[in-house]
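Enquirer: File final34.cif follows (mmCIF, C-alpha atoms and all ligand atoms):
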data_data
#
loop_
_atom_site.group_PDB
_atom_site.id
_atom_site.type_symbol
_atom_site.label_atom_id
_atom_site.label_comp_id
_atom_site.auth_asym_id
_atom_site.auth_seq_id
_atom_site.Cartn_x
_atom_site.Cartn_y
_atom_site.Cartn_z
ATOM 1 C CA MET A 173 -3.682 -26.430 30.680
ATOM 2 C CA PHE A 174 -5.865 -27.092 27.619
ATOM 3 C CA GLU A 175 -8.055 -29.597 29.536
ATOM 4 C CA GLN A 176 -9.072 -26.791 31.900
ATOM 5 C CA MET A 177 -10.181 -24.471 29.123
ATOM 6 C CA ASP A 178 -13.901 -24.080 28.488
ATOM 7 C CA SER A 179 -15.303 -24.122 25.000
ATOM 8 C CA TRP A 180 -15.765 -20.326 25.076
ATOM 9 C CA GLN A 181 -12.083 -19.963 25.883
ATOM 10 C CA PHE A 182 -11.271 -22.130 22.867
ATOM 11 C CA GLY A 183 -13.551 -19.851 20.863
ATOM 12 C CA LEU A 184 -11.584 -16.820 22.046
ATOM 13 C CA VAL A 185 -8.255 -18.473 21.198
ATOM 14 C CA ASP A 186 -9.562 -19.345 17.718
ATOM 15 C CA LEU A 187 -10.785 -15.798 17.256
ATOM 16 C CA LEU A 188 -7.385 -14.439 18.278
ATOM 17 C CA ASP A 189 -5.697 -16.942 15.976
ATOM 18 C CA VAL A 190 -7.803 -15.939 12.965
ATOM 19 C CA SER A 191 -7.477 -12.208 13.778
ATOM 20 C CA VAL A 192 -3.668 -12.378 13.893
ATOM 21 C CA VAL A 193 -3.589 -14.198 10.533
ATOM 22 C CA ALA A 194 -6.046 -11.682 9.044
ATOM 23 C CA VAL A 195 -3.922 -8.741 10.249
ATOM 24 C CA VAL A 196 -0.717 -10.338 8.863
ATOM 25 C CA VAL A 197 -2.386 -11.042 5.482
ATOM 26 C CA TYR A 198 -3.851 -7.505 5.400
ATOM 27 C CA PHE A 199 -0.481 -5.858 6.051
ATOM 28 C CA PHE A 200 1.261 -8.154 3.582
ATOM 29 C CA LEU A 201 -1.243 -7.286 0.828
ATOM 30 C CA ARG A 202 -0.960 -3.577 1.687
ATOM 31 C CA LEU A 203 2.803 -3.851 1.519
ATOM 32 C CA ILE A 204 2.899 -5.486 -1.904
ATOM 33 C CA ARG A 205 -0.007 -3.573 -3.456
ATOM 34 C CA GLY A 206 1.119 -2.001 -6.736
ATOM 35 C CA THR A 207 4.562 -3.634 -6.619
ATOM 36 C CA ARG A 208 6.147 -6.328 -8.777
ATOM 37 C CA ALA A 209 5.546 -8.770 -5.894
ATOM 38 C CA VAL A 210 1.904 -8.963 -7.019
ATOM 39 C CA GLN A 211 2.960 -10.393 -10.408
ATOM 40 C CA MET A 212 5.287 -12.849 -8.665
ATOM 41 C CA LEU A 213 2.450 -13.925 -6.390
ATOM 42 C CA ILE A 214 0.217 -14.509 -9.429
ATOM 43 C CA GLY A 215 3.063 -16.519 -11.040
ATOM 44 C CA ILE A 216 3.365 -18.681 -7.921
ATOM 45 C CA ALA A 217 -0.425 -19.202 -7.862
ATOM 46 C CA ILE A 218 -0.319 -20.369 -11.511
ATOM 47 C CA VAL A 219 2.529 -22.801 -10.735
ATOM 48 C CA ALA A 220 0.601 -24.131 -7.696
ATOM 49 C CA LEU A 221 -2.551 -24.586 -9.789
ATOM 50 C CA THR A 222 -0.606 -26.410 -12.516
ATOM 51 C CA TYR A 223 0.883 -28.685 -9.862
ATOM 52 C CA GLN A 224 -2.549 -29.518 -8.432
ATOM 53 C CA LEU A 225 -3.955 -30.194 -11.919
ATOM 54 C CA ALA A 226 -0.959 -32.422 -12.733
ATOM 55 C CA ARG A 227 -1.622 -34.404 -9.549
ATOM 56 C CA ALA A 228 -5.341 -34.665 -10.263
ATOM 57 C CA PHE A 229 -4.763 -35.923 -13.824
ATOM 58 C CA GLY A 230 -1.807 -38.142 -12.914
ATOM 59 C CA LEU A 231 0.759 -36.280 -15.079
ATOM 60 C CA PHE A 232 3.753 -37.863 -13.433
ATOM 61 C CA THR A 233 6.598 -35.856 -15.002
ATOM 62 C CA VAL A 234 4.902 -32.507 -14.534
ATOM 63 C CA GLU A 235 4.079 -33.417 -10.931
ATOM 64 C CA TRP A 236 7.690 -34.487 -10.325
ATOM 65 C CA MET A 237 9.040 -31.236 -11.790
ATOM 66 C CA PHE A 238 6.708 -28.938 -9.851
ATOM 67 C CA GLY A 239 7.101 -31.109 -6.733
ATOM 68 C CA HIS A 240 10.826 -30.296 -6.753
ATOM 69 C CA PHE A 241 10.018 -26.638 -7.257
ATOM 70 C CA PHE A 242 7.830 -26.624 -4.155
ATOM 71 C CA SER A 243 10.363 -28.545 -2.056
ATOM 72 C CA ALA A 244 12.620 -25.490 -2.368
ATOM 73 C CA PHE A 245 9.626 -23.218 -1.894
ATOM 74 C CA MET A 246 10.753 -21.415 1.265
ATOM 75 C CA VAL A 247 14.127 -20.533 -0.256
ATOM 76 C CA ILE A 248 12.431 -19.371 -3.465
ATOM 77 C CA LEU A 249 10.005 -17.234 -1.451
ATOM 78 C CA VAL A 250 12.807 -15.556 0.505
ATOM 79 C CA VAL A 251 14.788 -14.850 -2.682
ATOM 80 C CA LEU A 252 11.776 -13.517 -4.607
ATOM 81 C CA PHE A 253 10.415 -11.405 -1.790
ATOM 82 C CA GLN A 254 13.644 -10.294 -0.127
ATOM 83 C CA GLN A 255 12.872 -6.627 -0.689
ATOM 84 C CA GLU A 256 9.321 -6.932 0.693
ATOM 85 C CA ILE A 257 10.532 -8.978 3.688
ATOM 86 C CA ARG A 258 13.214 -6.368 4.413
ATOM 87 C CA ARG A 259 10.640 -3.583 4.257
ATOM 88 C CA ALA A 260 8.203 -5.466 6.482
ATOM 89 C CA LEU A 261 10.874 -6.137 9.103
ATOM 90 C CA MET A 262 11.945 -2.502 9.022
ATOM 91 C CA ARG A 263 8.331 -1.478 9.629
ATOM 92 C CA VAL A 264 8.002 -3.924 12.507
ATOM 93 C CA ALA A 265 11.248 -2.637 14.025
ATOM 94 C CA ALA A 266 10.280 1.014 13.608
ATOM 95 C CA ASN A 267 9.659 2.844 16.841
ATOM 96 C CA PRO A 268 5.893 3.480 17.024
ATOM 97 C CA LEU A 269 6.389 5.913 19.888
ATOM 98 C CA ALA A 270 8.659 8.147 17.879
ATOM 99 C CA SER A 271 6.895 11.331 16.937
ATOM 100 C CA THR A 272 6.694 11.718 13.171
ATOM 101 C CA SER A 273 5.880 15.366 13.436
ATOM 102 C CA LEU A 274 8.457 17.561 11.799
ATOM 103 C CA ALA A 275 5.753 19.886 10.637
ATOM 104 C CA THR A 276 6.719 22.996 12.549
ATOM 105 C CA ASP A 277 6.496 26.251 10.622
ATOM 106 C CA GLU A 278 10.277 26.687 10.735
ATOM 107 C CA VAL A 279 10.992 23.221 9.351
ATOM 108 C CA LEU A 280 8.387 23.497 6.587
ATOM 109 C CA GLU A 281 9.641 26.936 5.640
ATOM 110 C CA ALA A 282 13.280 25.820 5.672
ATOM 111 C CA LEU A 283 12.529 22.801 3.453
ATOM 112 C CA VAL A 284 10.453 24.766 0.944
ATOM 113 C CA GLU A 285 12.907 27.657 0.809
ATOM 114 C CA SER A 286 15.876 25.305 0.517
ATOM 115 C CA ALA A 287 14.329 23.365 -2.371
ATOM 116 C CA PHE A 288 13.247 26.442 -4.332
ATOM 117 C CA SER A 289 16.490 28.294 -3.732
ATOM 118 C CA LEU A 290 18.214 25.362 -5.461
ATOM 119 C CA VAL A 291 15.690 25.599 -8.330
ATOM 120 C CA HIS A 292 16.390 29.308 -8.729
ATOM 121 C CA ARG A 293 20.101 28.645 -8.946
ATOM 122 C CA GLY A 294 19.643 25.813 -11.433
ATOM 123 C CA TRP A 295 21.154 23.269 -9.046
ATOM 124 C CA GLY A 296 20.000 19.752 -8.249
ATOM 125 C CA GLY A 297 19.447 18.393 -4.750
ATOM 126 C CA LEU A 298 18.259 15.433 -2.766
ATOM 127 C CA ILE A 299 16.921 16.001 0.755
ATOM 128 C CA VAL A 300 15.898 12.949 2.757
ATOM 129 C CA ILE A 301 13.570 13.494 5.696
ATOM 130 C CA GLU A 302 13.898 10.731 8.252
ATOM 131 C CA ARG A 303 10.692 9.547 9.875
ATOM 132 C CA GLU A 304 10.152 6.353 11.880
ATOM 133 C CA THR A 305 12.724 4.202 10.098
ATOM 134 C CA GLY A 306 16.232 5.078 11.287
ATOM 135 C CA LEU A 307 18.673 5.982 8.507
ATOM 136 C CA ARG A 308 21.872 5.982 10.503
ATOM 137 C CA HIS A 309 23.235 3.034 8.530
ATOM 138 C CA LEU A 310 23.365 5.286 5.449
ATOM 139 C CA PHE A 311 25.616 7.862 7.090
ATOM 140 C CA GLU A 312 28.674 5.661 6.522
ATOM 141 C CA SER A 313 28.526 6.310 2.791
ATOM 142 C CA GLY A 314 28.617 10.076 3.379
ATOM 143 C CA VAL A 315 29.738 12.633 5.911
ATOM 144 C CA GLU A 316 28.119 12.932 9.314
ATOM 145 C CA LEU A 317 27.171 16.508 10.204
ATOM 146 C CA ASP A 318 25.263 18.416 12.819
ATOM 147 C CA ALA A 319 23.953 21.580 11.246
ATOM 148 C CA PRO A 320 20.693 23.491 11.476
ATOM 149 C CA LEU A 321 18.268 23.005 8.607
ATOM 150 C CA ARG A 322 18.607 26.356 6.843
ATOM 151 C CA PRO A 323 18.373 27.293 3.175
ATOM 152 C CA ASP A 324 21.836 28.880 3.108
ATOM 153 C CA ILE A 325 23.403 25.700 4.497
ATOM 154 C CA VAL A 326 21.500 23.516 2.027
ATOM 155 C CA GLN A 327 22.689 25.780 -0.783
ATOM 156 C CA ALA A 328 26.270 25.575 0.436
ATOM 157 C CA LEU A 329 26.030 21.774 0.426
ATOM 158 C CA PHE A 330 24.479 21.444 -3.049
ATOM 159 C CA CYS A 331 26.501 24.153 -4.769
ATOM 160 C CA PRO A 332 28.037 22.296 -7.750
ATOM 161 C CA ASP A 333 31.512 23.557 -6.758
ATOM 162 C CA ALA A 334 31.154 22.304 -3.186
ATOM 163 C CA PRO A 335 32.986 19.088 -2.341
ATOM 164 C CA MET A 336 29.837 17.589 -0.806
ATOM 165 C CA HIS A 337 27.276 18.396 -3.510
ATOM 166 C CA ASP A 338 26.963 14.803 -4.743
ATOM 167 C CA GLY A 339 24.497 12.473 -3.067
ATOM 168 C CA ALA A 340 21.817 13.259 -0.513
ATOM 169 C CA VAL A 341 21.439 15.339 2.623
ATOM 170 C CA ILE A 342 19.623 13.695 5.543
ATOM 171 C CA VAL A 343 17.380 15.674 7.846
ATOM 172 C CA CYS A 344 16.221 14.396 11.239
ATOM 173 C CA ARG A 345 13.928 15.800 13.858
ATOM 174 C CA ASP A 346 15.402 17.128 17.071
ATOM 175 C CA ALA A 347 14.189 19.091 20.054
ATOM 176 C CA HIS A 348 14.378 22.380 18.099
ATOM 177 C CA GLY A 349 12.900 21.140 14.825
ATOM 178 C CA GLY A 350 15.016 19.745 12.044
ATOM 179 C CA ARG A 351 18.768 19.257 11.716
ATOM 180 C CA ILE A 352 20.992 18.194 8.867
ATOM 181 C CA VAL A 353 22.732 15.104 10.151
ATOM 182 C CA ALA A 354 24.567 13.858 7.048
ATOM 183 C CA ALA A 355 25.535 14.948 3.552
ATOM 184 C CA ARG A 356 26.980 13.305 0.419
ATOM 185 C CA VAL A 357 25.056 10.172 1.331
ATOM 186 C CA LEU A 358 24.593 7.444 -1.275
ATOM 187 C CA LEU A 359 21.092 6.025 -1.362
ATOM 188 C CA PRO A 360 20.102 2.568 -2.592
ATOM 189 C CA LEU A 361 19.038 2.737 -6.239
ATOM 190 C CA ALA A 362 15.631 1.470 -7.340
ATOM 191 C CA GLN A 363 15.425 -0.955 -10.247
ATOM 192 C CA ALA A 364 15.690 0.958 -13.526
ATOM 193 C CA ASN A 365 12.139 -0.052 -14.520
ATOM 194 C CA ALA A 366 10.702 1.316 -11.235
ATOM 195 C CA VAL A 367 11.273 4.864 -12.507
ATOM 196 C CA PRO A 368 9.979 6.417 -15.752
ATOM 197 C CA GLY A 369 12.686 6.423 -18.435
ATOM 198 C CA ASP A 370 13.091 10.196 -18.520
ATOM 199 C CA TYR A 371 14.270 10.317 -14.890
ATOM 200 C CA GLY A 372 17.921 9.725 -14.015
ATOM 201 C CA THR A 373 19.843 8.365 -11.057
ATOM 202 C CA ARG A 374 18.921 11.147 -8.633
ATOM 203 C CA HIS A 375 15.253 10.163 -8.928
ATOM 204 C CA ARG A 376 16.118 6.453 -8.915
ATOM 205 C CA ALA A 377 17.999 6.931 -5.651
ATOM 206 C CA ALA A 378 15.004 8.741 -4.099
ATOM 207 C CA VAL A 379 12.632 5.992 -5.210
ATOM 208 C CA GLY A 380 15.054 3.278 -4.031
ATOM 209 C CA LEU A 381 15.265 4.665 -0.497
ATOM 210 C CA SER A 382 11.547 5.331 -0.236
ATOM 211 C CA GLU A 383 10.792 1.763 -1.315
ATOM 212 C CA GLU A 384 12.805 0.430 1.596
ATOM 213 C CA THR A 385 11.970 2.953 4.299
ATOM 214 C CA ASP A 386 9.248 5.410 5.250
ATOM 215 C CA ALA A 387 11.535 8.387 4.516
ATOM 216 C CA LEU A 388 10.114 11.313 2.600
ATOM 217 C CA VAL A 389 12.497 12.536 -0.092
ATOM 218 C CA VAL A 390 12.578 15.962 -1.705
ATOM 219 C CA VAL A 391 14.136 15.823 -5.168
ATOM 220 C CA VAL A 392 15.192 19.017 -6.870
ATOM 221 C CA SER A 393 15.816 18.323 -10.510
ATOM 222 C CA GLU A 394 18.737 20.171 -12.004
ATOM 223 C CA GLU A 395 17.617 19.387 -15.552
ATOM 224 C CA ARG A 396 13.918 20.244 -15.231
ATOM 225 C CA GLY A 397 14.081 22.879 -12.509
ATOM 226 C CA GLN A 398 11.288 21.099 -10.680
ATOM 227 C CA VAL A 399 10.653 19.861 -7.162
ATOM 228 C CA HIS A 400 9.098 16.460 -6.501
ATOM 229 C CA LEU A 401 8.277 14.611 -3.304
ATOM 230 C CA VAL A 402 9.042 10.901 -3.352
ATOM 231 C CA GLU A 403 7.392 8.582 -0.881
ATOM 232 C CA GLY A 404 6.610 4.884 -0.808
ATOM 233 C CA GLY A 405 8.408 4.302 -4.119
ATOM 234 C CA GLN A 406 6.260 6.859 -5.937
ATOM 235 C CA ILE A 407 7.382 10.122 -7.507
ATOM 236 C CA GLY A 408 4.778 12.810 -6.929
ATOM 237 C CA ALA A 409 3.860 15.508 -9.442
ATOM 238 C CA ALA A 410 6.055 18.608 -9.786
ATOM 239 C CA MET A 411 5.017 21.176 -7.201
ATOM 240 C CA SER A 412 4.890 24.902 -6.621
ATOM 241 C CA SER A 413 6.260 26.186 -3.316
ATOM 242 C CA LEU A 414 2.729 26.546 -1.928
ATOM 243 C CA GLU A 415 1.827 22.971 -2.929
ATOM 244 C CA MET A 416 5.055 21.718 -1.422
ATOM 245 C CA ARG A 417 4.344 23.441 1.860
ATOM 246 C CA GLN A 418 0.834 21.968 2.042
ATOM 247 C CA ALA A 419 2.038 18.479 1.074
ATOM 248 C CA LEU A 420 4.858 18.564 3.636
ATOM 249 C CA ASN A 421 2.515 19.812 6.310
ATOM 250 C CA MET A 422 0.182 16.891 5.663
ATOM 251 C CA LYS A 423 2.846 14.222 5.293
ATOM 252 C CA LEU A 424 5.033 15.300 8.187
ATOM 253 C CA SER A 425 2.267 15.771 10.705
ATOM 254 C CA SER A 426 0.561 12.459 10.013
ATOM 255 C CA VAL A 427 1.756 8.918 10.573
ATOM 256 C CA ALA A 428 4.035 7.841 7.763
ATOM 257 C CA ALA A 429 2.761 5.664 4.979
ATOM 258 C CA ALA A 430 3.891 2.087 4.707
ATOM 259 C CA PRO A 431 6.963 1.734 2.553
ATOM 260 C CA GLY A 432 6.157 0.497 -0.875
ATOM 261 C CA GLN A 433 2.805 2.162 -0.818
ATOM 262 C CA SER A 434 1.711 5.268 -2.604
ATOM 263 C CA VAL A 435 0.112 7.907 -0.484
ATOM 264 C CA GLY A 436 -1.094 9.840 -3.437
ATOM 265 C CA LYS A 437 0.642 12.363 -5.534
ATOM 266 C CA ALA A 438 2.153 15.312 -3.799
HETATM 267 N N1 LIG A 501 22.833 6.456 -5.262
HETATM 268 C C1 LIG A 501 22.749 7.774 -5.159
HETATM 269 N N2 LIG A 501 22.461 8.346 -3.980
HETATM 270 C C2 LIG A 501 22.363 9.689 -3.868
HETATM 271 N N3 LIG A 501 22.512 10.546 -4.884
HETATM 272 C C3 LIG A 501 22.795 10.037 -6.088
HETATM 273 C C4 LIG A 501 22.923 8.637 -6.295
HETATM 274 N N4 LIG A 501 23.195 8.430 -7.603
HETATM 275 C C5 LIG A 501 23.249 9.657 -8.173
HETATM 276 N N5 LIG A 501 23.017 10.624 -7.264
HETATM 277 C C6 LIG A 501 22.984 12.068 -7.501
HETATM 278 O O1 LIG A 501 22.331 12.311 -8.713
HETATM 279 C C7 LIG A 501 23.154 13.136 -9.535
HETATM 280 C C8 LIG A 501 22.986 12.753 -10.966
HETATM 281 O O2 LIG A 501 21.705 12.926 -11.290
HETATM 282 P P1 LIG A 501 21.148 12.566 -12.745
HETATM 283 O O3 LIG A 501 21.269 13.775 -13.625
HETATM 284 O O4 LIG A 501 21.700 11.295 -13.249
HETATM 285 O O5 LIG A 501 19.663 12.259 -12.299
HETATM 286 P P2 LIG A 501 18.266 12.913 -12.670
HETATM 287 O O6 LIG A 501 17.287 12.059 -11.930
HETATM 288 O O7 LIG A 501 18.149 13.071 -14.156
HETATM 289 O O8 LIG A 501 18.327 14.328 -11.956
HETATM 290 P P3 LIG A 501 18.319 15.799 -12.610
HETATM 291 O O9 LIG A 501 16.931 16.021 -13.101
HETATM 292 O O10 LIG A 501 18.712 16.666 -11.468
HETATM 293 O O11 LIG A 501 19.346 15.811 -13.728
HETATM 294 C C9 LIG A 501 24.561 12.873 -9.073
HETATM 295 O O12 LIG A 501 25.357 13.992 -9.309
HETATM 296 C C10 LIG A 501 24.400 12.596 -7.603
HETATM 297 O O13 LIG A 501 24.470 13.813 -6.866
#
Hey, can you dump this file as structure tokens for me?
Ligand SMILES: Nc1ncnc2c1ncn2[C@@H]1O[C@H](COP(=O)(O)OP(=O)(O)OP(=O)(O)O)[C@@H](O)[C@H]1O
Expert:
Amino acid sequence: MFEQMDSWQFGLVDLLDVSVVAVVVYFFLRLIRGTRAVQMLIGIAIVALTYQLARAFGLFTVEWMFGHFFSAFMVILVVLFQQEIRRALMRVAANPLASTSLATDEVLEALVESAFSLVHRGWGGLIVIERETGLRHLFESGVELDAPLRPDIVQALFCPDAPMHDGAVIVCRDAHGGRIVAARVLLPLAQANAVPGDYGTRHRAAVGLSEETDALVVVVSEERGQVHLVEGGQIGAAMSSLEMRQALNMKLSSVAAAPGQSVGKA
């Protein structure tokens, strides 16, 4: 087959080859930008440079030591970057045809009203808005539901006396807008150092999920009486109801940001 290819066809194949690599490198760098993976990558680059210098100067023991390090390189890479690899695969597996638009007036209103009604009552809450990445696997840790997204239902779920007030509520899109599909759901926790020290586990759980998926998380802080949006592993600034409505409108009508990437403060 290759003998029949003209030189211009080879040129096209090379171009395709280089383009695919460029796209993969671009998405990888976008994925790890601002994460601890950048430091690990720098560490690996320093080790690789030391190895090359040891070879060039004939430092046998150093070369032997680093040579063994690199022989297990693939395993080390997978262990170091397991979180980034998981995120990347989730992005690849996400359904690009799925509409991300949950930004109907009713849904925006219900989310804003729900969050601020919790603030007014001095209650905490965690509302996860599913986007392209499916969250069904999380339902097992909680209770599957099928309820309309309404402030009174959200209040009933997060009322401190209610049996299901712990954990998160998950909201999905459906033909009529948004529905609550699970409650009392446990989210994966982010590393303690990924969240400022004055935030507790509710915020860590929001950051943890948003690092792994493209979900948008509304956190209502019981202690501070504030509402924050968490996306791409970043906690946005505390918001007023108007700011929350505008931020939700923007984030839910546009294509979701890559997990692990800040899309600016809410
Ligand atoms: N892994 C988790 N997934 C979902 N929710 C969680 C998880 N861990 C803790 N929570 C929720 O967070 C609540 C405790 O929040 P905590 O006070 O520690 O956090 P916080 O970030 O300081 O929030 P707040 O400002 O509301 O006090 C728990 O009652 C529970 O509802």
Enquirer: Quick one: residues within 8 Å of ligand LIG 501 (chain A), with all atoms listed in the file, as a ChimeraX atom specification?
Expert: /A:295-298,337-340,356-361,370-378,391-398
Enquirer: Name the residues in contact with A:Ala409 at a cut-off of 12 Å, using all atoms listed in the file, excluding same-chain residues fewer than 3 positions from it; report them as a ChimeraX atom specification.
Expert: /A:390-391,398-403,406,412,415-416,419,436-438
Enquirer: Name all residues at most 7 Å from A:Val326 (count all atoms listed in the file; drop same-chain ones fewer than 4 positions away) and give them as a PyMOL selection string.
Expert: chain A and resi 286+322+330
Enquirer: Report the distance between atom CA of A:Ala228 and atom CA of A:Val197 in Å, rounded to one decimal place.
Expert: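 Calculated distance between atom CA of A:Ala228 and atom CA of A:Val197 is 28.5 Å.
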Enquirer: Taking all atoms listed in the file into account, which of A:Val315, A:Phe253, A:Ala260, A:Pro323 comes nearest A:Glu278?
Expert: A:Pro323
Enquirer: When distances are computed from only C-alpha atoms, which of A:Leu307, A:Leu261, A:Leu381, A:Val389 shows the smallest separation from A:Val353?
Expert: A:Leu307
Enquirer: Please indicate the distance in Å from atom CA of A:Ile342 to atom CA of A:Glu384, rounded to one decimal place.
Expert: 15.4 Å
Enquirer: Just to confirm, what's the straight-line distance from atom CA of A:Ser289 to atom CA of A:Phe311 in Å (one decimal)?
Expert: 24.9 Å
Enquirer: Box in all listed atoms of stretch 392-395 of chain A, axis-aligned, with 5 Å more on each side; write out centre and edge lengths in Å to one decimal as AutoDock Vina command-line options.
Expert:
--center_x 17.0 --center_y 19.2 --center_z -11.2 --size_x 13.5 --size_y 11.8 --size_z 18.7
Enquirer: A:Ser382, A:Gln224, A:Asn421, A:Ser179: which is nearest A:Thr305, counting only C-alpha atoms?
Expert: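 Between A:Ser382, A:Gln224, A:Asn421, A:Ser179, the residue approaching A:Thr305 most closely is A:Ser382.
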Enquirer: For A:His240, work out the shell of residues within 12 Å, counting all atoms listed in the file and skipping chain neighbours fewer than 6 positions away, then give it as a list of chain:residue names.
Expert: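 Residues meeting the cut-off are A:Val219, A:Ala220, A:Tyr223, A:Thr233, A:Val234, A:Met246, A:Ile248.
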